[in-house]
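Enquirer: Got a structure for you, questions after.
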Amino acid sequence: MKCVAVALALVAGFVGTDAALLRAGARQEPDTACGKGFDNLVKGSQDYYRTAAVELFTHPSHTMDNATFEAEFECWFASMCTTKCGGLASQADARKATLTEMCQSVEADWLKIWKLFSPEEVKWFKNSYPSDEVEGSEEGSEVHYKQAMETAKEVNKKELLCMTLFTIDDECVKWPYIRLTKLSHPRPRGASLRSRWALT
């Protein structure tokens, strides 16, 4: 009886060792969809993101979405910083005032922001944003790689596009804060600057 118990213990030990070796040998390539990762960005870049996340989420229905989709927005921001915004040139001189006005307006929709993208920026965004449709998805029930990224994009498309253009126009985060132009009119009532970072 003791021999059977010892034999079973030895077999279980070998099986466990083999499984551990198998797992160790089957390493996956790292996921680089989020660049080098938000936590690995320098503090100045992280500070830029924090100010952008507050300033761009002004619509009363979206003021807390920067916290709801924090991981997804941080992922996209880290990807932009890691790739230096695809080498795209800043167009701040040509569009910063319009971009600030539209991004902080509760009336402008995402399509107005999309029309501010240059053809090169459109191509880069479509190729770089990590939410490609998975092959074999059925019509009407598409599945995307990084589905949470796709959801964040669809729910907060205007804010995502604004963050993308501001990041490009601020020379892919050359400053520790988002650079907005001064608005000639005050922020509409109900457009608070609350975020999870302001709550203490």
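Labels used: A, B, ... for chains in the order of the structure tokens, numbers from 1 for residues in each chain, and numbers from 1 for ligands as shown.
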Write out as a PyMOL selection string each polymer residue whose atoms come within 8 Å of Thr100 (chain A), counting only C-alpha atoms; drop sequence neighbours fewer than 3 positions from it.

Expert: chain A and resi 96-97+103-104+180-181+183

Enquirer: Hey, can you check how far CA of Cys162 (chain A) sits from CA of Val134 (chain A)?

Expert: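 Calculated distance between CA of Cys162 (chain A) and CA of Val134 (chain A) is 26.3 Å.
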
Enquirer: Which polymer residues have any atom within 10 Å of an atom of Ala148 (chain A), counting only C-alpha atoms, with same-chain residues fewer than 2 positions away left out, as a list in words?

Expert: Phe69, Ala71, Glu72, Pro130, Ser131, His144, Tyr145, Lys146, Glu150, Thr151, Ala152, Lys153 and Glu154 of chain A

Enquirer: Take the residues from that selection and put them in a file with all heavy atoms, as a short mmCIF file (atom, residue, chain, number, x, y, z; two decimals), in the first residue's frame.

Expert:
```
data_model
loop_
_atom_site.label_atom_id
_atom_site.label_comp_id
_atom_site.auth_asym_id
_atom_site.auth_seq_id
_atom_site.Cartn_x
_atom_site.Cartn_y
_atom_site.Cartn_z
N PHE A 69 -12.74 54.09 -19.02
CA PHE A 69 -11.89 53.50 -20.07
C PHE A 69 -10.43 53.91 -19.89
O PHE A 69 -9.69 54.04 -20.86
CB PHE A 69 -12.39 53.93 -21.45
CG PHE A 69 -13.73 53.37 -21.79
CD1 PHE A 69 -14.85 54.19 -21.80
CD2 PHE A 69 -13.89 52.03 -22.09
CE1 PHE A 69 -16.11 53.68 -22.11
CE2 PHE A 69 -15.14 51.51 -22.41
CZ PHE A 69 -16.25 52.34 -22.41
N ALA A 71 -7.71 52.33 -18.82
CA ALA A 71 -6.70 51.41 -19.35
C ALA A 71 -6.61 51.50 -20.88
O ALA A 71 -5.51 51.47 -21.44
CB ALA A 71 -7.01 49.98 -18.93
N GLU A 72 -7.75 51.64 -21.52
CA GLU A 72 -7.77 51.69 -22.99
C GLU A 72 -7.16 53.00 -23.50
O GLU A 72 -6.37 52.99 -24.46
CB GLU A 72 -9.20 51.52 -23.51
CG GLU A 72 -9.75 50.13 -23.31
CD GLU A 72 -10.14 49.80 -21.86
OE1 GLU A 72 -10.44 50.74 -21.08
OE2 GLU A 72 -10.13 48.61 -21.51
N PRO A 130 -5.18 49.94 -32.04
CA PRO A 130 -5.23 48.48 -31.87
C PRO A 130 -6.61 47.88 -31.64
O PRO A 130 -6.98 47.49 -30.54
CB PRO A 130 -4.33 48.27 -30.63
CG PRO A 130 -4.49 49.52 -29.85
CD PRO A 130 -4.69 50.62 -30.86
N SER A 131 -7.40 47.81 -32.70
CA SER A 131 -8.70 47.13 -32.58
C SER A 131 -9.16 46.58 -33.93
O SER A 131 -10.29 46.76 -34.33
CB SER A 131 -9.77 48.08 -32.01
OG SER A 131 -10.11 49.06 -32.96
N HIS A 144 -13.46 42.18 -32.42
CA HIS A 144 -12.22 42.90 -32.68
C HIS A 144 -11.11 42.41 -31.75
O HIS A 144 -11.37 42.05 -30.61
CB HIS A 144 -12.41 44.40 -32.48
CG HIS A 144 -13.26 45.03 -33.52
ND1 HIS A 144 -14.63 44.97 -33.47
CD2 HIS A 144 -12.95 45.69 -34.64
CE1 HIS A 144 -15.12 45.60 -34.52
NE2 HIS A 144 -14.13 46.03 -35.25
N TYR A 145 -9.90 42.42 -32.29
CA TYR A 145 -8.72 42.23 -31.46
C TYR A 145 -8.72 43.38 -30.47
O TYR A 145 -8.91 44.53 -30.85
CB TYR A 145 -7.47 42.26 -32.34
CG TYR A 145 -6.18 42.44 -31.58
CD1 TYR A 145 -5.68 41.41 -30.81
CD2 TYR A 145 -5.48 43.64 -31.64
CE1 TYR A 145 -4.50 41.57 -30.10
CE2 TYR A 145 -4.30 43.80 -30.94
CZ TYR A 145 -3.82 42.77 -30.17
OH TYR A 145 -2.66 42.93 -29.47
N LYS A 146 -8.57 43.09 -29.21
CA LYS A 146 -8.68 44.09 -28.14
C LYS A 146 -10.06 44.75 -28.19
O LYS A 146 -10.21 45.94 -28.45
CB LYS A 146 -7.56 45.13 -28.23
CG LYS A 146 -6.19 44.54 -27.94
CD LYS A 146 -5.29 45.58 -27.34
CE LYS A 146 -4.00 45.01 -26.89
NZ LYS A 146 -4.06 44.29 -25.64
N GLU A 150 -11.88 48.74 -28.95
CA GLU A 150 -12.94 49.08 -29.92
C GLU A 150 -14.12 49.72 -29.20
O GLU A 150 -14.69 50.70 -29.68
CB GLU A 150 -13.38 47.83 -30.68
CG GLU A 150 -14.45 48.07 -31.71
CD GLU A 150 -14.00 48.91 -32.90
OE1 GLU A 150 -12.79 49.12 -33.09
OE2 GLU A 150 -14.88 49.38 -33.64
N THR A 151 -14.50 49.18 -28.05
CA THR A 151 -15.61 49.74 -27.28
C THR A 151 -15.30 51.16 -26.84
O THR A 151 -16.12 52.06 -26.98
CB THR A 151 -15.93 48.85 -26.06
OG1 THR A 151 -16.22 47.53 -26.54
CG2 THR A 151 -17.09 49.38 -25.27
N ALA A 152 -14.09 51.38 -26.31
CA ALA A 152 -13.68 52.73 -25.89
C ALA A 152 -13.74 53.69 -27.07
O ALA A 152 -14.20 54.84 -26.93
CB ALA A 152 -12.28 52.70 -25.30
N LYS A 153 -13.31 53.24 -28.24
CA LYS A 153 -13.34 54.09 -29.44
C LYS A 153 -14.76 54.44 -29.83
O LYS A 153 -15.06 55.60 -30.14
CB LYS A 153 -12.63 53.38 -30.61
CG LYS A 153 -12.61 54.22 -31.88
CD LYS A 153 -11.90 53.50 -33.00
CE LYS A 153 -12.84 52.51 -33.64
NZ LYS A 153 -12.31 51.87 -34.83
N GLU A 154 -15.65 53.48 -29.81
CA GLU A 154 -17.02 53.74 -30.24
C GLU A 154 -17.79 54.60 -29.23
O GLU A 154 -18.59 55.44 -29.61
CB GLU A 154 -17.75 52.43 -30.51
CG GLU A 154 -17.24 51.70 -31.74
CD GLU A 154 -17.27 52.55 -33.00
OE1 GLU A 154 -18.29 53.22 -33.27
OE2 GLU A 154 -16.25 52.57 -33.72
#
```

Enquirer: For the alpha helix (DSSP H) assignment from backbone DSSP, which residues of region 62-165 of chain A qualify? Please present them as a VMD selection string.

Expert: chain A and resid 65 to 68 70 to 82 92 to 103 110 to 114 119 to 128 147 to 155 157 to 165
